[in-house]
Structure formats: C-alpha cells, structure tokens
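Before any comments, here is the structure.
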Amino acid sequence: MALATDSGVLEATGLVKRFGDRVALRDVSLTAHRGELLAIIGPNGAGKTTLLSILAGIQRPDAGSISTGRGEVGWVPQQAAVYSKLTVEENLRLFARLEKRPDVDATVDRMLEQTDLRDRAGDQVQTLSGGNRQRVNIAIGLLSEPEVLLLDEPSAALDPRQRDRLWEFILALAERGTTVIYSTHVVPEAERYGNDVLVLADGEKLFDGPPREFERTVAEECGEELHFEAAFVEFLRHRGH
Amino acid sequence: MRWLLVKDLQILRRSPLLVAMLVLYPILIAALVGFAVTSGPGKPRVAVVDEVPASQTKINLGGEQVNVADEAKPLFDAIDVVRVKTEAEAIKKVRDGDVLGALILPADITSKLEAATSGTGTSPVVRVYYNAEDPAKQTFVDNTIKARVQEANAALTKKVSRVALSYLNLIGTGGQFNFLGQSFDVLGLQKAEAILRGIQDAQPKSSPLRDQLQPVIRFADLARQNLDLAGPLLQSIGTPIQVDTHIVKGGSTPLGAFAAAIAVAVTLMLVTVLLAAGSLALEREENAFRRLVRGLVSRTGLLVEKIGLAGLCSVLVGLLLLIGLSFFVDLPWGQFHLWLLALIFSAAAFGALGVAFGAITREVRAASLLAFMAALPIAVLGLVPSGAVSSGLYDLIRIISGAFPFRATVDALDSALSHSSGIGTPLLHLALLCLAWLAIARLALRRFA
Ligand SMILES: Nc1ncnc2c1ncn2[C@@H]1O[C@H](COP(=O)(O)OP(=O)(O)OP(=O)(O)O)[C@@H](O)[C@H]1O
Ligand SMILES: [Mg+2]
C-alpha cells in the first residue's frame, strides 16, 4: 500500500472484484479525507460489503489499488465478529490485548462506557440481543482508535435511542479527525451524517459527492425536484436498478 | 497468540458437554478398537515349505506305522496354507508382508523323529518365521503354530510311550514279540526270577552256587520293580518335535502395551483432529477470522495456536488414558519421557491434520463430520496387518496410511510403551506429516475468509 496523498487519508482507484462470473465491483474509485464522513448507499447486493472489506484489507481486489495513511484502519463488519461464548468484557479485553493497547483495562473500561454495556459486561455475548451484540461488534472496531473507521451497516440492529447514541459517538470521532466510511440502508443517515455519499448499484459507482449535489443531479436527470430519499429511489429506477 | 489460546480454553470450559464427549467418546472407541485388535484375525496366512519327500511321510515307531501327514493335519487346518518351494522364498514372503508367518518342515524330520523316538538321536526341529510388525499378529501366529505342534507332539508321545510300554511289559513279565514277521518268545524278568529261585532252592544248602545266585535274583526283582516306574516316566517325555522361532523384522511388544498404544492413538486422533478442526472453523463461523488476520495474528500463527490448543488437550487426555491403562496393562513408567515425546509429536501431527480439515471445510459441523468420517478409515488402514491382503494392495495401503499420522503414532507409542524398535523413525515421520499438513492447511486458508 502506498502512502495516501495529503488530499485524502484513504484513496482507492479502479477497484474491480469478481466472484466467478459475477462482478461485485466494477472500476470503483473513491477518496476520503481526514475527519470526513463518507456514506455508501445502494440496493442489496450492490457491492457495499465487498468494497468495505477490500478497503479493510480483508479481500484482495482483482484490479485497482488502495493507499492509506500511516494510521490504523478500523473495521466493523456487517455480521458481528465476536466470540459468543465469551462475555462482553472478555471479548473487549481479548481484542484490546491482540491490538496491543498500552492500557488494556482503561481501554476496556472506556469502551464499556461508550457502548453503554457496563451492566452487561459479565454476560456471554450469545445471551445478548442482536442490537447489543452489534454494540460489542462496533466497540471492538473502535478499540484501536483508528485513523480511518470502516462501518458496514452499523446501525442495522439498533433501536432509535442506540442509533442516536452511535451517531453522536461517530460524529465526535470525526470531529477529532477520524475518517469514517459507512454503508447503510437507512438512507436519511447518509444524507444527515454524510459529507459525501457514494451510490453503488451492481458493483458500479453511480454517484459520488455531497447529498445536496446528489439531489441536484437527480433533478437534472429525471426532471423532478425530490428530497434525498425519494431522489435516491427515483435515481436507481431511472438507471434501471 | 497466547491470548487466543486462553480464549479458546475459556470457550472449551464453557462447553462441558463437548468436552465430556471429546474425552468419553474416544476412550470408548479406543476400548473397542483395542479389544477388536487383540482378539486377533481368523485363519492366519502361513507359508509352508514341506521338504519331506513323499516317500518318507510315514515313520516307524516300534513297528507301528505313523503317518506324519495325518499328525500335521490339525495344524494345516488351523492356518491358511500358502505352499512355497524354498525357505528363502518363504522368508521373503514374510518380509514382504505377504504372509503372517512361515513354517519350515525340514527333509529329515521323519528320519530324525524315528531316531529320536527310538532314543538314538536328537529331536527334529521345525522352523517358524514371523513378521513381528505388530505383536497382536505375532502372538496369534505363534500361538496357533505352537498349539498345533504341541498337539502333534502329544499324539506322538502317546504313541511312542505306548510302544515303549509294551516293550517294558515284555521285559518285565515276558510274552510274544513280533519282529519282521517272525515271532519270538521273550522270557521276562518275572519268570527269570522264578526260574532262578527254583534253581537256588534245588541246590544243597552247602552249595556255593546258592550264594552266588542270590544277587542275580535280587537284580531281577529290583529291575522289574524299577521298570514299573519307567511307565509314567515315559509318558512325561516332552517334545519329540521342537519349534525354533525366528523374527523376520521388528521387535516384539507385549500385547498389552500394543493394545494400549492403539487405544491411545485412536483417542489422540479423535480429540486432536476434532478440536483443531472445530476451533479453526469456529473462528470463521464467529466471523472473527477476518478480524484476526487483519494484522492481529498471522494466518500461520493462528494455525499453530489451534494445533497448540488441540495438542495441549489431547496430550492431557492421552496421559490420563495411559495412567488409567497402567492399572490393567504393565507399562514401563521408566520410559515416561518417551511417552510424553510420542504424545507430543503425535498430537502435533494430528493437530496439523485437524487444522487442514478445518481450513478445507470452513464450518464447524462439516469439519467435525469430516474428522469423524476420516478417522475410522485412517485407523483401519493403519492397522491392516500384512498378509491380510495381497502384497500390491498392502503396499498401496501403506502409502495411503503413511500420509496420515495414525500408523506413525501407533509405532511411536508402541516403542515408548515397550522396548521394541527405536522411536526415532516414527517421530521423524510425525514431524514431517505435521509440516506437510500445516502447509496444506495454510494453502486452504487462502480461501477461508
Ligand atoms: N464470497 C462471495 N462469493 C461469491 N459471491 C459473493 C461473495 N461475496 C459477495 N458476493 C456477491 O457480490 C455481490 C455484492 O455483494 P455484497 O455483499 O458486497 O453486497 P452488499 O451491497 O453489501 O449487499 P447488502 O446490502 O445485502 O449487504 C453480490 O452479488 C454477492 O452475491
Ligand atoms: Mg453488505
């Protein structure tokens, strides 16, 4: 991986990923800057998870390249990656140790606080609700205080209150300079929190820019002034997805 | 890696049912296998070299014709006879594993038998060769042949002593004796004594002949009494035929130790392969694998950790089993360091096989299924005795089973639990298998995430 230019802490160019005959990503490029929030939206199977896992270094692209800054890239997968037989605290402690955090106890303590899971700390993850499990999942991705944070549908299983807490937390991170790239099916989350939105469909990047610009683009293309979510739906239909 | 190991042990501790099954099931299987192996196969294939000329199959025991072929029939009924021409050919068949043993009947067996039973020569010797690759087999062939030879010996002894007794009777009490179609009257000691007494009584009191006859009469009396004792003595005469055994290759292991080696090998295989395969597949099922290999731990490191986990558990189970077995089987505690060495090497090799299974199947259930399904054939192939199948097939089986750690584990444990062959070769074999399966697992991990 080359060092990113000063314009972006993470740059991807010409990413292609194939699974046999199926092309999951076709020539996707993106740039994310320091402290920026980049939302990735698109229908099921669009390639969001594939793109994020390639950015995370989990999968190798068939073509294209990625460059990142010096810092860590944190990754919160769509499916919780936690040990269900371990307690919440044991999971956090294990990954804090594997991440070689200087003060394991303090790190675990901070994450329990931030995810509001202190009273469930001693419970095995398999006994938690889906939302709480997702909170543990997110907490683990945040342990290393990464420079770039990749979140794959982070709010999917959360109740509205937890969702708000999560975004409060993510926005605070961005404020401190963390670059956040997240995928979501909750379209308003893209509009409200994203500095930029990237629209993917069938592995193809259809749009990349600020939400307001997206609305303008759709208005020009479809001849209709729509608010963000309706514009997104109309845009996809217009493009045949 | 240390923390991953601790984590896996924690997970294990929280799965008591799994642990109980992992410990109890293999022990049950081990007991069954040990039992099955030690109860021996059916008829052993034995090469027989019969150098006795057809004209000499009958021997003369004191005028009675004994057909050696008839006496040998029970032996030939108890084995699956493979007739070969020369002793060298028979030994080669044993060495190749074509037959379990070889029996050599030398040309002079009948003449020597005749001479021995008439007291003018040494007993004939039949030679027996074994392939002592595994003691269960060896004991089986040994017992079968020895038992049959003993039967033949007993039968011959009975015949010899019957003839001898009739001679003794003749000498003691007198009677008719037939030899070469002619009949003789034999006086007998009893009558001789009576005649001598008559002569003594007929002498005048002063005759010196009276005193001279006295010791002769005494001798006849004593001789007759002593001949009565010779009967039982004759019957206890041991072995007209002697068995001379040779071991063609390998050493000999006490059967109990060999059964223990098999039991421990089966247990070790199941525990290690299941744990290694399952714990690796679990990393993927919990989605943790992708998180781990993002710089937290190397893929090879992860495999080594799983092998370590499975190995640690199975060495403990193996030791427990050995300690348990030592109550029933005489195991050499003095070689404890060798036990440990054999257990550790075997566990490492099985662990590598296990992670390969886990990496290939990628799911806990599929991994466990594969581990279970593979275990039985691997064990069976490793235990196929030479001679049970044709030599070409046997070679093929050796090659296939050589790719899995079972046979080498049995060999290593066998030499750790007895004083037979060296432990070096099986340990080296296990180390190589460990590396090979680790490499296969590492390759399979490429498509694991
Ligand atoms: N390991 C894989 N093997 C084969 N095909 C795959 C694999 N992973 C993804 N795909 C295919 O690639 C395409 C993109 O999948 P991906 O999971 O990236 O979509 P997504 O945008 O995250 O969808 P969702 O919103 O449902 O999470 C899909 O058609 C999927 O079937
Ligand atoms: Mg997805």
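Following the order of the structure tokens, first chain is A, next is B, and so on, with residues numbered from 1 inside each chain and ligands from 1 in the order they appear.
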
(request) Could you list the residues in chain B lying within 12 Å of chain A, using only C-alpha atoms, and format the result as a PyMOL selection string? (result) chain B and resi 1-15+279+282-298+446-449

Expected file: the selected residues, N, CA and C atoms, as a compact mmCIF listing (two decimals), in the first residue's frame:
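Final output, out-v8.txt:
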# COMPACT_ATOMS: atom_id res chain seq x y z
N MET B 1 -0.99 -14.56 20.41
CA MET B 1 -1.28 -15.99 20.26
C MET B 1 -1.63 -16.60 21.62
N ARG B 2 -0.90 -16.15 22.65
CA ARG B 2 -1.16 -16.66 24.00
C ARG B 2 -2.59 -16.35 24.41
N TRP B 3 -3.04 -15.11 24.08
CA TRP B 3 -4.38 -14.70 24.48
C TRP B 3 -5.44 -15.47 23.71
N LEU B 4 -5.13 -15.81 22.46
CA LEU B 4 -6.08 -16.61 21.69
C LEU B 4 -6.24 -17.99 22.32
N LEU B 5 -5.10 -18.53 22.77
CA LEU B 5 -5.12 -19.85 23.40
C LEU B 5 -5.96 -19.80 24.67
N VAL B 6 -5.74 -18.76 25.46
CA VAL B 6 -6.51 -18.60 26.69
C VAL B 6 -7.99 -18.49 26.35
N LYS B 7 -8.28 -17.72 25.30
CA LYS B 7 -9.66 -17.54 24.87
C LYS B 7 -10.29 -18.88 24.50
N ASP B 8 -9.55 -19.69 23.72
CA ASP B 8 -10.09 -20.98 23.28
C ASP B 8 -10.33 -21.91 24.46
N LEU B 9 -9.42 -21.87 25.44
CA LEU B 9 -9.61 -22.71 26.62
C LEU B 9 -10.84 -22.26 27.39
N GLN B 10 -11.04 -20.93 27.44
CA GLN B 10 -12.24 -20.41 28.11
C GLN B 10 -13.51 -20.92 27.42
N ILE B 11 -13.47 -20.86 26.09
CA ILE B 11 -14.63 -21.33 25.32
C ILE B 11 -14.88 -22.81 25.59
N LEU B 12 -13.78 -23.58 25.62
CA LEU B 12 -13.90 -25.01 25.88
C LEU B 12 -14.51 -25.26 27.25
N ARG B 13 -14.03 -24.48 28.22
CA ARG B 13 -14.51 -24.67 29.58
C ARG B 13 -16.01 -24.41 29.65
N ARG B 14 -16.48 -23.54 28.77
CA ARG B 14 -17.91 -23.23 28.79
C ARG B 14 -18.71 -24.17 27.93
N SER B 15 -18.08 -25.21 27.41
CA SER B 15 -18.81 -26.21 26.63
C SER B 15 -18.60 -27.58 27.25
N SER B 279 -12.02 -25.80 16.28
CA SER B 279 -11.69 -24.48 16.81
C SER B 279 -11.28 -23.53 15.68
N LEU B 282 -14.46 -22.56 13.91
CA LEU B 282 -15.24 -21.66 14.77
C LEU B 282 -14.82 -20.21 14.57
N GLU B 283 -13.53 -19.99 14.36
CA GLU B 283 -13.04 -18.61 14.14
C GLU B 283 -13.75 -18.01 12.93
N ARG B 284 -14.00 -18.84 11.94
CA ARG B 284 -14.66 -18.32 10.76
C ARG B 284 -16.16 -18.16 11.02
N GLU B 285 -16.72 -19.14 11.73
CA GLU B 285 -18.15 -19.08 11.97
C GLU B 285 -18.53 -17.89 12.83
N GLU B 286 -17.65 -17.51 13.73
CA GLU B 286 -17.90 -16.34 14.57
C GLU B 286 -17.48 -15.05 13.85
N ASN B 287 -17.07 -15.18 12.60
CA ASN B 287 -16.62 -14.04 11.80
C ASN B 287 -15.36 -13.40 12.35
N ALA B 288 -14.75 -14.05 13.34
CA ALA B 288 -13.60 -13.43 13.98
C ALA B 288 -12.34 -13.58 13.14
N PHE B 289 -12.35 -14.61 12.27
CA PHE B 289 -11.13 -14.88 11.49
C PHE B 289 -10.66 -13.64 10.74
N ARG B 290 -11.61 -12.96 10.08
CA ARG B 290 -11.22 -11.81 9.25
C ARG B 290 -10.67 -10.69 10.12
N ARG B 291 -11.24 -10.57 11.31
CA ARG B 291 -10.74 -9.55 12.21
C ARG B 291 -9.33 -9.90 12.68
N LEU B 292 -9.14 -11.19 12.96
CA LEU B 292 -7.84 -11.61 13.49
C LEU B 292 -6.72 -11.43 12.47
N VAL B 293 -7.00 -11.80 11.22
CA VAL B 293 -5.89 -11.78 10.26
C VAL B 293 -5.64 -10.38 9.70
N ARG B 294 -6.41 -9.40 10.18
CA ARG B 294 -6.09 -8.02 9.82
C ARG B 294 -4.98 -7.50 10.73
N GLY B 295 -3.88 -8.20 10.73
CA GLY B 295 -2.72 -7.71 11.46
C GLY B 295 -2.66 -8.12 12.93
N LEU B 296 -3.73 -8.75 13.45
CA LEU B 296 -3.68 -9.13 14.87
C LEU B 296 -2.87 -10.40 15.07
N VAL B 297 -3.01 -11.33 14.13
CA VAL B 297 -2.25 -12.57 14.23
C VAL B 297 -2.07 -13.09 12.80
N SER B 298 -0.92 -13.68 12.53
CA SER B 298 -0.69 -14.18 11.18
C SER B 298 -1.50 -15.46 10.97
N ARG B 446 -6.25 -19.72 2.26
CA ARG B 446 -6.34 -18.62 1.30
C ARG B 446 -7.78 -18.33 0.91
N ARG B 447 -8.59 -19.36 0.89
CA ARG B 447 -9.98 -19.13 0.53
C ARG B 447 -10.88 -19.32 1.75
N PHE B 448 -10.34 -19.01 2.91
CA PHE B 448 -11.06 -19.29 4.16
C PHE B 448 -12.01 -18.16 4.52
N ALA B 449 -11.56 -16.92 4.37
CA ALA B 449 -12.35 -15.78 4.82
C ALA B 449 -13.65 -15.67 4.04

Which residues of chain A come within 12 Å of ligand 2, and for each one, what is the closest pair of atoms and their distance in Å to one decimal, counting only C-alpha atoms and all ligand atoms, sorted by chain and residue number, as a Markdown table?
| residue | atom | partner | partner_atom_place_in_ligand_line | distance |
| --- | --- | --- | --- | --- |
| A:Ala24 | CA | ligand 2 | 1 (Mg) | 11.3 |
| A:Ile40 | CA | ligand 2 | 1 (Mg) | 10.4 |
| A:Ile41 | CA | ligand 2 | 1 (Mg) | 10.1 |
| A:Gly42 | CA | ligand 2 | 1 (Mg) | 9.7 |
| A:Pro43 | CA | ligand 2 | 1 (Mg) | 9.4 |
| A:Asn44 | CA | ligand 2 | 1 (Mg) | 7.1 |
| A:Gly45 | CA | ligand 2 | 1 (Mg) | 6.9 |
| A:Ala46 | CA | ligand 2 | 1 (Mg) | 8.1 |
| A:Gly47 | CA | ligand 2 | 1 (Mg) | 6.9 |
| A:Lys48 | CA | ligand 2 | 1 (Mg) | 5.4 |
| A:Thr49 | CA | ligand 2 | 1 (Mg) | 3.9 |
| A:Thr50 | CA | ligand 2 | 1 (Mg) | 7.2 |
| A:Leu51 | CA | ligand 2 | 1 (Mg) | 9.1 |
| A:Leu52 | CA | ligand 2 | 1 (Mg) | 8.7 |
| A:Ser53 | CA | ligand 2 | 1 (Mg) | 9.6 |
| A:Val76 | CA | ligand 2 | 1 (Mg) | 11.6 |
| A:Pro77 | CA | ligand 2 | 1 (Mg) | 8.7 |
| A:Gln78 | CA | ligand 2 | 1 (Mg) | 6.2 |
| A:Gln79 | CA | ligand 2 | 1 (Mg) | 8.8 |
| A:Leu151 | CA | ligand 2 | 1 (Mg) | 10.4 |
| A:Asp152 | CA | ligand 2 | 1 (Mg) | 6.7 |
| A:Glu153 | CA | ligand 2 | 1 (Mg) | 7.3 |
| A:Pro154 | CA | ligand 2 | 1 (Mg) | 10.6 |
| A:Ala156 | CA | ligand 2 | 1 (Mg) | 10.7 |
| A:Tyr182 | CA | ligand 2 | 1 (Mg) | 10.7 |
| A:Ser183 | CA | ligand 2 | 1 (Mg) | 7.8 |
| A:Thr184 | CA | ligand 2 | 1 (Mg) | 8.7 |
| A:His185 | CA | ligand 2 | 1 (Mg) | 9.5 |
| A:Leu200 | CA | ligand 2 | 1 (Mg) | 11.5 |
| A:Gly203 | CA | ligand 2 | 1 (Mg) | 11.9 |

Export N, CA and C atoms of the chosen residues as a tab-separated table (two decimals), in the first residue's frame?
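Result file again-v4.tsv:
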chain	number	residue	atom	x	y	z
A	24	ALA	N	-18.61	-8.12	-8.66
A	24	ALA	CA	-19.15	-7.44	-7.48
A	24	ALA	C	-18.77	-5.97	-7.46
A	40	ILE	N	-21.94	5.13	2.04
A	40	ILE	CA	-22.09	4.29	0.84
A	40	ILE	C	-23.51	3.74	0.86
A	41	ILE	N	-24.29	4.06	-0.15
A	41	ILE	CA	-25.65	3.52	-0.22
A	41	ILE	C	-25.84	2.80	-1.54
A	42	GLY	N	-26.83	1.92	-1.55
A	42	GLY	CA	-27.10	1.13	-2.74
A	42	GLY	C	-27.94	-0.07	-2.37
A	43	PRO	N	-28.62	-0.67	-3.34
A	43	PRO	CA	-29.50	-1.80	-3.05
A	43	PRO	C	-28.73	-3.02	-2.54
A	44	ASN	N	-29.47	-4.02	-2.07
A	44	ASN	CA	-28.84	-5.28	-1.64
A	44	ASN	C	-28.01	-5.85	-2.79
A	45	GLY	N	-26.85	-6.34	-2.44
A	45	GLY	CA	-26.00	-6.96	-3.46
A	45	GLY	C	-25.28	-5.96	-4.33
A	46	ALA	N	-25.32	-4.68	-3.96
A	46	ALA	CA	-24.69	-3.64	-4.79
A	46	ALA	C	-23.17	-3.74	-4.74
A	47	GLY	N	-22.63	-4.30	-3.65
A	47	GLY	CA	-21.18	-4.40	-3.52
A	47	GLY	C	-20.63	-3.58	-2.37
A	48	LYS	N	-21.49	-3.09	-1.48
A	48	LYS	CA	-21.05	-2.24	-0.37
A	48	LYS	C	-20.12	-3.01	0.56
A	49	THR	N	-20.57	-4.22	0.97
A	49	THR	CA	-19.74	-5.01	1.87
A	49	THR	C	-18.42	-5.38	1.20
A	50	THR	N	-18.50	-5.72	-0.08
A	50	THR	CA	-17.29	-6.09	-0.81
A	50	THR	C	-16.32	-4.91	-0.84
A	51	LEU	N	-16.83	-3.73	-1.13
A	51	LEU	CA	-15.97	-2.54	-1.18
A	51	LEU	C	-15.33	-2.29	0.17
A	52	LEU	N	-16.14	-2.34	1.23
A	52	LEU	CA	-15.60	-2.07	2.57
A	52	LEU	C	-14.57	-3.12	2.98
A	53	SER	N	-14.83	-4.40	2.62
A	53	SER	CA	-13.84	-5.40	3.05
A	53	SER	C	-12.56	-5.29	2.24
A	76	VAL	N	-15.60	-2.51	11.22
A	76	VAL	CA	-16.74	-3.12	11.91
A	76	VAL	C	-17.56	-3.85	10.87
A	77	PRO	N	-17.46	-5.20	10.84
A	77	PRO	CA	-18.13	-5.95	9.79
A	77	PRO	C	-19.65	-5.95	9.96
A	78	GLN	N	-20.33	-6.25	8.86
A	78	GLN	CA	-21.79	-6.28	8.86
A	78	GLN	C	-22.30	-7.34	9.85
A	79	GLN	N	-21.66	-8.53	9.80
A	79	GLN	CA	-22.03	-9.56	10.76
A	79	GLN	C	-21.09	-9.48	11.94
A	151	LEU	N	-17.37	1.16	8.65
A	151	LEU	CA	-18.54	0.61	9.35
A	151	LEU	C	-19.52	0.07	8.32
A	152	ASP	N	-19.79	-1.24	8.40
A	152	ASP	CA	-20.72	-1.85	7.45
A	152	ASP	C	-22.09	-1.98	8.11
A	153	GLU	N	-23.01	-1.14	7.72
A	153	GLU	CA	-24.36	-1.09	8.29
A	153	GLU	C	-24.33	-1.11	9.82
A	154	PRO	N	-23.69	-0.13	10.42
A	154	PRO	CA	-23.51	-0.16	11.88
A	154	PRO	C	-24.82	-0.04	12.65
A	156	ALA	N	-27.80	-1.12	11.82
A	156	ALA	CA	-28.84	-2.04	11.35
A	156	ALA	C	-29.70	-2.62	12.46
A	182	TYR	N	-18.98	4.57	5.95
A	182	TYR	CA	-20.01	3.66	6.42
A	182	TYR	C	-21.02	3.35	5.33
A	183	SER	N	-21.56	2.14	5.39
A	183	SER	CA	-22.65	1.79	4.48
A	183	SER	C	-23.92	1.77	5.29
A	184	THR	N	-25.03	2.01	4.64
A	184	THR	CA	-26.30	1.99	5.37
A	184	THR	C	-27.47	1.82	4.41
A	185	HIS	N	-28.52	1.18	4.93
A	185	HIS	CA	-29.77	1.11	4.19
A	185	HIS	C	-30.75	2.16	4.70
A	200	LEU	N	-23.78	3.08	-5.01
A	200	LEU	CA	-23.34	1.87	-5.71
A	200	LEU	C	-24.56	1.10	-6.17
A	203	GLY	N	-22.36	-3.12	-8.39
A	203	GLY	CA	-20.90	-3.01	-8.41
A	203	GLY	C	-20.38	-1.78	-9.11

(message) Can you tell me which residues surround range 174-176 of chain B at a distance of at most 10 Å, considering only C-alpha atoms, apart from same-chain residues fewer than 4 positions away, and format the answer as number ranges by chain?
(response) B: 167-170, 183-192

(request) Run DSSP on the backbone and give me the residues of chain A it puts in strand (DSSP E or B), as a PyMOL selection string. (result) chain A and resi 2-3+10-19+22-32+37-41+63-68+73-76+87+124+148-152+179-183+196-201+204-209

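Minimum atom-to-atom distances from A:Ala201, A:Val218, A:Ile138, A:Leu158 to ligand 1 were compared using only C-alpha atoms and all ligand atoms, and the lowest value belongs to A:Ala201.
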
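The shortest atom-to-atom distance to Thr409 in chain B, with only C-alpha atoms taken into account, belongs to B:Ala260 out of B:Ala260, B:Gln200, B:Lys73, B:Ser368.
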
Near Gly209 in chain A, counting only C-alpha atoms, which residues have an atom at most 10 Å away, once you skip same-chain residues fewer than 4 positions from it, shown as a compact mmCIF listing (two decimals) with N, CA, C and O atoms, in the first residue's frame?
# COMPACT_ATOMS: atom_id res chain seq x y z
N LEU A 38 -18.05 9.48 4.94
CA LEU A 38 -18.45 9.08 3.60
C LEU A 38 -19.49 7.97 3.70
O LEU A 38 -19.23 6.90 4.27
N ALA A 39 -20.68 8.22 3.16
CA ALA A 39 -21.75 7.22 3.22
C ALA A 39 -21.79 6.44 1.92
O ALA A 39 -21.67 7.02 0.84
N GLY A 194 -23.57 12.14 6.30
CA GLY A 194 -22.50 12.03 5.31
C GLY A 194 -22.09 13.36 4.72
O GLY A 194 -22.94 14.13 4.31
N ASN A 195 -20.76 13.63 4.70
CA ASN A 195 -20.30 14.79 3.94
C ASN A 195 -20.42 14.49 2.45
O ASN A 195 -20.73 15.34 1.65
N ASP A 196 -20.16 13.24 2.15
CA ASP A 196 -20.27 12.75 0.77
C ASP A 196 -21.09 11.48 0.78
O ASP A 196 -21.05 10.73 1.77
N VAL A 197 -21.82 11.23 -0.30
CA VAL A 197 -22.46 9.92 -0.46
C VAL A 197 -21.92 9.28 -1.74
O VAL A 197 -21.65 9.96 -2.73
N LEU A 198 -21.75 7.96 -1.64
CA LEU A 198 -21.31 7.20 -2.80
C LEU A 198 -22.43 6.22 -3.12
O LEU A 198 -22.80 5.41 -2.27
N VAL A 199 -22.99 6.33 -4.31
CA VAL A 199 -24.09 5.44 -4.67
C VAL A 199 -23.56 4.30 -5.52
O VAL A 199 -22.94 4.50 -6.56
N GLU A 213 -25.73 17.91 -3.75
CA GLU A 213 -25.37 17.80 -5.16
C GLU A 213 -26.08 16.60 -5.81
O GLU A 213 -26.47 16.64 -6.96
N PHE A 214 -26.25 15.54 -4.97
CA PHE A 214 -26.96 14.36 -5.47
C PHE A 214 -28.39 14.73 -5.85
O PHE A 214 -28.89 14.36 -6.92
